[in-house]
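Text of query.cif, listed as mmCIF, C-alpha atoms:
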```cif
data_coords
loop_
_atom_site.group_PDB
_atom_site.id
_atom_site.type_symbol
_atom_site.label_atom_id
_atom_site.label_comp_id
_atom_site.auth_asym_id
_atom_site.auth_seq_id
_atom_site.Cartn_x
_atom_site.Cartn_y
_atom_site.Cartn_z
ATOM 1 C CA ALA A 15 245.534 52.231 123.874
ATOM 2 C CA SER A 16 245.130 53.778 120.424
ATOM 3 C CA SER A 17 246.560 57.169 119.530
ATOM 4 C CA CYS A 18 244.827 60.469 120.249
ATOM 5 C CA GLN A 19 243.154 61.793 117.130
ATOM 6 C CA ALA A 20 239.928 63.468 116.025
ATOM 7 C CA TRP A 21 238.626 60.124 114.795
ATOM 8 C CA ASP A 22 235.107 61.425 114.079
ATOM 9 C CA LYS A 23 236.036 64.521 112.093
ATOM 10 C CA LEU A 24 235.686 62.859 108.669
ATOM 11 C CA LEU A 25 232.761 60.567 109.497
ATOM 12 C CA GLU A 26 229.328 61.084 107.988
ATOM 13 C CA PRO A 27 226.566 61.991 108.468
ATOM 14 C CA VAL A 28 227.049 64.277 111.495
ATOM 15 C CA CYS A 29 230.650 65.435 111.182
ATOM 16 C CA ALA A 30 231.299 65.269 107.454
ATOM 17 C CA TYR A 31 229.669 64.922 104.055
ATOM 18 C CA ARG A 32 229.619 61.653 102.118
ATOM 19 C CA ASP A 33 232.836 62.569 100.313
ATOM 20 C CA GLY A 34 234.636 63.026 103.649
ATOM 21 C CA THR A 35 234.641 66.833 103.638
ATOM 22 C CA PRO A 36 234.174 68.152 107.209
ATOM 23 C CA LYS A 37 230.974 70.117 107.796
ATOM 24 C CA ASN A 38 231.359 73.748 108.837
ATOM 25 C CA ALA A 39 228.431 73.489 111.251
ATOM 26 C CA ALA A 40 229.495 70.160 112.737
ATOM 27 C CA PRO A 41 229.203 69.692 116.518
ATOM 28 C CA SER A 42 232.291 70.646 118.513
ATOM 29 C CA TRP A 43 233.015 67.049 119.513
ATOM 30 C CA CYS A 44 233.708 66.178 115.873
ATOM 31 C CA SER A 45 237.083 67.909 116.189
ATOM 32 C CA ASP A 46 237.841 66.644 119.703
ATOM 33 C CA GLN A 47 240.521 64.015 120.110
ATOM 34 C CA TRP A 48 239.965 60.697 121.877
ATOM 35 C CA CYS A 49 241.409 57.226 121.988
ATOM 36 C CA PHE A 50 240.563 53.680 122.994
ATOM 37 C CA VAL A 51 241.804 52.625 126.425
ATOM 38 C CA ASP A 52 241.760 49.618 128.712
ATOM 39 C CA ALA A 53 239.000 50.307 131.230
ATOM 40 C CA SER A 54 240.816 48.310 133.913
ATOM 41 C CA THR A 55 243.931 50.488 133.816
ATOM 42 C CA CYS A 56 242.675 53.926 132.715
ATOM 43 C CA SER A 57 242.706 56.320 135.693
ATOM 44 C CA VAL A 58 240.883 59.250 134.050
ATOM 45 C CA ALA A 59 237.340 59.668 132.753
ATOM 46 C CA HIS A 60 236.347 56.989 130.237
ATOM 47 C CA MET A 61 233.302 55.050 129.062
ATOM 48 C CA GLU A 62 232.908 51.517 127.804
ATOM 49 C CA SER A 63 232.481 51.226 124.061
ATOM 50 C CA GLU A 64 228.993 50.376 122.817
ATOM 51 C CA TYR A 65 230.203 49.872 119.252
ATOM 52 C CA PHE A 66 232.539 46.991 120.097
ATOM 53 C CA PRO A 67 230.805 45.100 122.925
ATOM 54 C CA GLN A 68 232.540 41.916 121.850
ATOM 55 C CA ILE A 69 235.850 43.270 123.175
ATOM 56 C CA PRO A 70 235.793 43.048 127.000
ATOM 57 C CA GLY A 71 237.139 46.080 128.832
ATOM 58 C CA LEU A 72 237.402 48.265 125.728
ATOM 59 C CA ALA A 73 236.601 51.885 126.526
ATOM 60 C CA PHE A 74 237.061 55.281 124.926
ATOM 61 C CA SER A 75 238.443 58.355 126.644
ATOM 62 C CA TYR A 76 238.534 62.022 125.734
ATOM 63 C CA ALA A 77 240.208 62.904 129.029
ATOM 64 C CA THR A 78 243.275 60.832 128.144
ATOM 65 C CA CYS A 79 243.769 63.199 125.209
ATOM 66 C CA GLY A 80 243.036 66.330 127.225
ATOM 67 C CA TYR A 81 239.457 66.882 126.037
ATOM 68 C CA ILE A 82 236.034 66.947 127.695
ATOM 69 C CA ASN A 83 233.546 64.310 126.534
ATOM 70 C CA ALA A 84 230.884 66.363 124.721
ATOM 71 C CA PHE A 85 229.821 63.435 122.554
ATOM 72 C CA ASN A 86 227.761 61.701 125.230
ATOM 73 C CA SER A 87 225.533 64.733 125.815
ATOM 74 C CA TYR A 88 224.963 65.010 122.077
ATOM 75 C CA ALA A 89 224.176 61.300 121.797
ATOM 76 C CA ALA A 90 221.738 61.434 124.717
ATOM 77 C CA ALA A 91 219.915 64.399 123.156
ATOM 78 C CA ALA A 92 219.784 62.613 119.791
ATOM 79 C CA ASP A 93 218.294 59.509 121.420
ATOM 80 C CA LEU A 94 215.494 61.632 122.911
ATOM 81 C CA GLN A 95 214.401 63.159 119.612
ATOM 82 C CA GLY A 96 211.027 61.880 118.446
ATOM 83 C CA THR A 97 210.258 60.116 121.712
ATOM 84 C CA THR A 98 207.324 60.606 124.087
ATOM 85 C CA ILE A 99 208.035 61.448 127.729
ATOM 86 C CA ARG A 100 205.610 61.082 130.623
ATOM 87 C CA VAL A 101 205.081 64.349 132.491
ATOM 88 C CA HIS A 102 203.024 65.576 135.407
ATOM 89 C CA ALA A 103 202.442 69.319 135.637
ATOM 90 C CA LEU A 104 201.966 70.605 139.170
ATOM 91 C CA ASP A 105 199.330 73.275 139.726
ATOM 92 C CA GLU A 106 201.542 76.136 140.987
ATOM 93 C CA PRO A 107 200.083 79.590 140.338
ATOM 94 C CA PRO A 108 201.580 81.840 139.098
ATOM 95 C CA MET A 109 204.308 79.499 137.804
ATOM 96 C CA SER A 110 202.111 76.851 136.203
ATOM 97 C CA TYR A 111 198.402 76.573 135.348
ATOM 98 C CA PRO A 112 197.841 73.079 133.888
ATOM 99 C CA SER A 113 194.063 73.548 133.721
ATOM 100 C CA ARG A 114 194.279 76.572 131.413
ATOM 101 C CA SER A 115 193.977 76.169 127.658
ATOM 102 C CA GLU A 116 196.861 76.878 125.294
ATOM 103 C CA ASP A 117 195.078 79.964 123.937
ATOM 104 C CA HIS A 118 194.423 81.483 127.363
ATOM 105 C CA PRO A 119 194.923 85.288 127.114
ATOM 106 C CA ILE A 120 197.240 85.381 130.147
ATOM 107 C CA GLY A 121 199.056 82.152 129.379
ATOM 108 C CA ARG A 122 199.773 79.041 131.424
ATOM 109 C CA GLY A 123 202.621 80.311 133.586
ATOM 110 C CA TRP A 124 206.341 80.916 133.063
ATOM 111 C CA VAL A 125 207.373 77.450 134.267
ATOM 112 C CA TRP A 126 204.944 75.914 131.798
ATOM 113 C CA ASP A 127 206.391 78.098 129.032
ATOM 114 C CA LEU A 128 209.939 77.135 130.012
ATOM 115 C CA TYR A 129 209.241 73.406 129.915
ATOM 116 C CA THR A 130 207.299 73.740 126.674
ATOM 117 C CA GLN A 131 210.290 75.411 125.054
ATOM 118 C CA ILE A 132 212.611 72.694 126.394
ATOM 119 C CA PHE A 133 210.369 69.981 124.954
ATOM 120 C CA LYS A 134 210.338 71.716 121.581
ATOM 121 C CA SER A 135 214.111 72.205 121.556
ATOM 122 C CA ALA A 136 214.651 68.548 122.445
ATOM 123 C CA ALA A 137 212.072 67.458 119.834
ATOM 124 C CA VAL A 138 210.162 65.337 122.352
ATOM 125 C CA GLU A 139 206.424 64.925 122.785
ATOM 126 C CA PRO A 140 205.128 65.333 126.364
ATOM 127 C CA ARG A 141 202.303 63.098 127.547
ATOM 128 C CA TYR A 142 200.681 64.535 130.649
ATOM 129 C CA GLN A 143 199.327 62.141 133.251
ATOM 130 C CA ASP A 144 198.026 62.136 136.812
ATOM 131 C CA LEU A 145 199.930 61.162 139.939
ATOM 132 C CA LEU A 146 199.534 57.866 141.734
ATOM 133 C CA PRO A 147 197.797 57.970 145.138
ATOM 134 C CA TYR A 148 200.281 59.154 147.765
ATOM 135 C CA SER A 149 199.971 60.258 151.391
ATOM 136 C CA GLY A 150 202.000 63.434 151.138
ATOM 137 C CA SER A 151 202.369 66.668 149.223
ATOM 138 C CA ALA A 152 201.919 66.822 145.454
ATOM 139 C CA TRP A 153 205.624 67.648 145.163
ATOM 140 C CA ASP A 154 206.642 64.531 147.126
ATOM 141 C CA ALA A 155 204.154 62.462 145.134
ATOM 142 C CA CYS A 156 205.644 63.654 141.840
ATOM 143 C CA VAL A 157 209.176 62.862 143.001
ATOM 144 C CA HIS A 158 207.942 59.462 144.187
ATOM 145 C CA ASP A 159 206.411 58.668 140.776
ATOM 146 C CA VAL A 160 209.646 59.585 138.991
ATOM 147 C CA ALA A 161 211.571 57.320 141.367
ATOM 148 C CA LEU A 162 209.126 54.472 140.612
ATOM 149 C CA GLY A 163 209.514 54.959 136.860
ATOM 150 C CA GLN A 164 205.874 56.030 136.443
ATOM 151 C CA LEU A 165 206.966 59.471 135.230
ATOM 152 C CA ASP A 166 209.966 60.733 133.308
ATOM 153 C CA THR A 167 209.875 64.261 134.730
ATOM 154 C CA CYS A 168 207.835 66.648 136.864
ATOM 155 C CA MET A 169 206.902 70.129 135.699
ATOM 156 C CA GLY A 170 207.136 72.435 138.688
ATOM 157 C CA THR A 171 209.418 74.047 141.241
ATOM 158 C CA PHE A 172 210.995 71.861 143.909
ATOM 159 C CA TRP A 173 213.107 72.181 147.011
ATOM 160 C CA GLU A 174 216.113 69.933 146.488
ATOM 161 C CA THR A 175 216.057 68.130 149.840
ATOM 162 C CA SER A 176 218.462 65.361 150.842
ATOM 163 C CA GLU A 177 215.574 62.857 150.940
ATOM 164 C CA ARG A 178 214.571 63.671 147.380
ATOM 165 C CA ARG A 179 218.165 63.620 146.103
ATOM 166 C CA GLU A 180 218.469 60.030 147.317
ATOM 167 C CA ILE A 181 215.831 58.795 144.871
ATOM 168 C CA VAL A 182 215.841 61.183 141.868
ATOM 169 C CA ASP A 183 218.155 63.517 139.945
ATOM 170 C CA PHE A 184 217.588 67.271 139.737
ATOM 171 C CA VAL A 185 218.412 69.574 136.848
ATOM 172 C CA THR A 186 220.456 72.742 137.317
ATOM 173 C CA PRO A 187 218.382 75.271 139.323
ATOM 174 C CA PHE A 188 216.784 77.991 137.202
ATOM 175 C CA THR A 189 215.458 80.065 140.106
ATOM 176 C CA ALA A 190 216.158 80.556 143.816
ATOM 177 C CA ASP A 191 213.815 80.665 146.797
ATOM 178 C CA ASN A 192 215.405 83.001 149.353
ATOM 179 C CA PHE A 193 214.685 82.784 153.071
ATOM 180 C CA TYR A 194 215.665 85.340 155.700
ATOM 181 C CA LEU A 195 215.711 85.087 159.506
ATOM 182 C CA VAL A 196 214.279 88.256 161.035
ATOM 183 C CA VAL A 197 215.137 89.096 164.663
ATOM 184 C CA MET A 198 214.471 92.078 166.915
ATOM 185 C CA GLN A 199 217.147 94.741 166.703
ATOM 186 C CA LYS A 200 218.452 95.948 170.050
ATOM 187 C CA PRO A 201 218.409 99.743 170.405
ATOM 188 C CA SER A 202 221.927 101.099 170.341
ATOM 189 C CA GLU A 203 223.154 103.134 173.300
ATOM 190 C CA LYS A 204 223.772 106.763 172.484
ATOM 191 C CA ASP A 205 227.400 107.748 172.699
ATOM 192 C CA LEU A 206 228.260 111.434 172.628
ATOM 193 C CA TRP A 207 231.698 110.667 171.310
ATOM 194 C CA SER A 208 230.284 108.709 168.369
ATOM 195 C CA ILE A 209 230.449 111.840 166.195
ATOM 196 C CA LEU A 210 234.228 111.531 166.319
ATOM 197 C CA VAL A 211 234.251 107.916 165.041
ATOM 198 C CA PRO A 212 234.649 108.639 161.297
ATOM 199 C CA PHE A 213 238.169 110.100 161.728
ATOM 200 C CA ALA A 214 241.222 109.034 163.657
ATOM 201 C CA PRO A 215 242.237 111.164 166.693
ATOM 202 C CA GLU A 216 245.316 112.461 164.882
ATOM 203 C CA LEU A 217 243.151 113.795 162.069
ATOM 204 C CA TRP A 218 240.854 115.605 164.509
ATOM 205 C CA VAL A 219 243.911 117.261 166.087
ATOM 206 C CA CYS A 220 244.970 118.515 162.658
ATOM 207 C CA ILE A 221 241.450 119.812 161.937
ATOM 208 C CA PHE A 222 241.278 121.699 165.205
ATOM 209 C CA ALA A 223 244.784 123.088 164.676
ATOM 210 C CA VAL A 224 243.799 124.465 161.241
ATOM 211 C CA ILE A 225 240.581 126.002 162.621
ATOM 212 C CA VAL A 226 242.332 127.642 165.542
#
```
Write the structure described by the file as structure tokens, please.
Amino acid sequence: ASSCQAWDKLLEPVCAYRDGTPKNAAPSWCSDQWCFVDASTCSVAHMESEYFPQIPGLAFSYATCGYINAFNSYAAAADLQGTTIRVHALDEPPMSYPSRSEDHPIGRGWVWDLYTQIFKSAAVEPRYQDLLPYSGSAWDACVHDVALGQLDTCMGTFWETSERREIVDFVTPFTADNFYLVVMQKPSEKDLWSILVPFAPELWVCIFAVIV
């Protein structure tokens, strides 16, 4: 294995300028330490190197140096920029109104607004398309199309069931759907001595003693 160092800190164009001066606004991973490891013997988190594929078993590891790998998330986001993703927007009033125009006075729903902001932040272009024929709910059909590779994502709210988790990945939940079981309440039996419940017997003795 190589030594643990912040190997990317002085590299352009993301972490440093052309003269090697580190950028003040560089991503956090630029200062994180990592090293090369042997994938066959490394027991902590590591990933195979894509820059040196000619070296079998060569991997890099932040965990070996005590750091979390933030580079991969950054690289994945960078790869998405400028791309087009295939999306189906479920018709879910009041969360999403796909049939409304962008200039609708009420808007197109808060889920639509959320996804639109995500697409803008990720610098991706959504291409909306219809679902394939499916004998089930629109939600199951959308999950099915993502699993088939016909869609990249579904715009809507979903129950994360075990069946769906087996075929697709879910993002972190941004809302909760609460359910409550309501049952009949049995009438409580009246107890004349219940008025004494708040205090211990010893305290009632003291109260009566003071009054008397």
I'd like the neighbourhood of Val51 in chain A as a short mmCIF file (atom, residue, chain, number, x, y, z; two decimals) with C-alpha atoms, in the frame of the given file, where a residue qualifies if any of its atoms comes within 12 Å (using only C-alpha atoms), though same-chain residues fewer than 2 positions away should be ignored.
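And here is the file that came out, around26.cif:
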```cif
data_model
loop_
_atom_site.label_atom_id
_atom_site.label_comp_id
_atom_site.auth_asym_id
_atom_site.auth_seq_id
_atom_site.Cartn_x
_atom_site.Cartn_y
_atom_site.Cartn_z
CA ALA A 15 245.53 52.23 123.87
CA SER A 16 245.13 53.78 120.42
CA SER A 17 246.56 57.17 119.53
CA CYS A 18 244.83 60.47 120.25
CA TRP A 48 239.96 60.70 121.88
CA CYS A 49 241.41 57.23 121.99
CA ALA A 53 239.00 50.31 131.23
CA SER A 54 240.82 48.31 133.91
CA THR A 55 243.93 50.49 133.82
CA CYS A 56 242.68 53.93 132.72
CA SER A 57 242.71 56.32 135.69
CA VAL A 58 240.88 59.25 134.05
CA ALA A 59 237.34 59.67 132.75
CA HIS A 60 236.35 56.99 130.24
CA MET A 61 233.30 55.05 129.06
CA GLU A 62 232.91 51.52 127.80
CA SER A 63 232.48 51.23 124.06
CA ILE A 69 235.85 43.27 123.18
CA PRO A 70 235.79 43.05 127.00
CA GLY A 71 237.14 46.08 128.83
CA LEU A 72 237.40 48.26 125.73
CA ALA A 73 236.60 51.88 126.53
CA PHE A 74 237.06 55.28 124.93
CA SER A 75 238.44 58.36 126.64
CA TYR A 76 238.53 62.02 125.73
CA ALA A 77 240.21 62.90 129.03
CA THR A 78 243.28 60.83 128.14
CA CYS A 79 243.77 63.20 125.21
#
```
task = Taking the file as shown, find all residues satisfying the PyMOL selection byres ((chain A and resi 81-93) around 7) and write them as a list in words.
result =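 Matching residues under the PyMOL selection byres ((chain A and resi 81-93) around 7) are Trp43, Asp46, Gln47, Tyr76, Ala77, Cys79, Gly80, Leu94, Gln95 and Ala136 of chain A.
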task = Could you check which of A:Trp173, A:Arg100, A:Lys37, A:Met109 is closest to Asn192 in chain A, using all atoms listed in the file?
result = A:Trp173
ask   = Hey, what comes out of the PyMOL selection byres ((chain A and resi 97) around 8) on this file? Could you write it as a PyMOL selection string?
value = chain A and resi 94-96+98-99+137-139
Report, as lines of an AutoDock Vina configuration file, the axis-aligned box around all atoms of range 45-59 of chain A present in the file, extended by 8 Å on each side; give centre and edge lengths in Å to one decimal place.
```
center_x = 240.5
center_y = 58.1
center_z = 125.9
size_x = 22.8
size_y = 35.6
size_z = 35.5
```
ask   = Care to translate the PyMOL selection byres ((chain A and resi 191) around 12) into actual residues of this file, as a ChimeraX atom specification?
value = /A:171-174,187-190,192-194
Residue selection dump (C-alpha atoms) as a PDB file, keeping the file's coordinate frame:
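As a result, out-v6.pdb now contains:
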```
ATOM      1  CA  THR A 171     209.418  74.047 141.241  1.00  0.00           C
ATOM      2  CA  PHE A 172     210.995  71.861 143.909  1.00  0.00           C
ATOM      3  CA  TRP A 173     213.107  72.181 147.011  1.00  0.00           C
ATOM      4  CA  GLU A 174     216.113  69.933 146.488  1.00  0.00           C
ATOM      5  CA  PRO A 187     218.382  75.271 139.323  1.00  0.00           C
ATOM      6  CA  PHE A 188     216.784  77.991 137.202  1.00  0.00           C
ATOM      7  CA  THR A 189     215.458  80.065 140.106  1.00  0.00           C
ATOM      8  CA  ALA A 190     216.158  80.556 143.816  1.00  0.00           C
ATOM      9  CA  ASN A 192     215.405  83.001 149.353  1.00  0.00           C
ATOM     10  CA  PHE A 193     214.685  82.784 153.071  1.00  0.00           C
ATOM     11  CA  TYR A 194     215.665  85.340 155.700  1.00  0.00           C
TER      12      TYR A 194
END
```
key: Closest of A:Ile225, A:Cys156, A:Leu145, A:Met169 to Pro112 in chain A - atom-to-atom distances counting only C-alpha atoms   =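 So, comparing all the options, the nearest one is A:Met169.
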task = Tell me, as JSON, numbers by chain, which residues lie within 10 Å of Gln143 in chain A, counting all atoms listed in the file; anything in the same chain fewer than 6 positions away does not count.
result = {"A": [100, 101, 102, 103, 164, 165]}
Polymer residues at most 12 Å from Asn38 in chain A, only C-alpha atoms, same-chain spacing of 5 or more positions, as a list of chain:residue names =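 Within the cut-off, the hits are A:Lys23, A:Leu24, A:Val28, A:Cys29, A:Ala30, A:Tyr31, A:Cys44, A:Ser45.
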inquiry  = Could you check the closest approach to Gln19 in chain A for each of A:Ala223, A:Phe50, A:Ala39, A:Gln131 and tell me which residue wins, using all atoms listed in the file?
reply    = A:Phe50
inquiry  = Can you pull out the residues contacting Pro107 in chain A? Cut-off 12 Å, using only C-alpha atoms, and skip same-chain residues under 5 positions away; I want them as an MDAnalysis selection string.
reply    = chainID A and resid 112:114 121:126 170:171
key: Between CA of Asp166 in chain A and CA of Ser42 in chain A - distance in Å to one decimal   =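 Interatomic distance here is 28.6 Å.
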message = Using Å and a single decimal, report how far CA of Pro108 in chain A sits from CA of Val196 in chain A.
response =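 We find that CA of Val196 in chain A and CA of Pro108 in chain A lie 26.1 Å from each other.
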request  = Would you work out the distance separating CA of Ile132 in chain A from CA of Arg179 in chain A, expressed in Å to one decimal?
outcome  =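 Here the two named atoms are 22.4 Å from each other.
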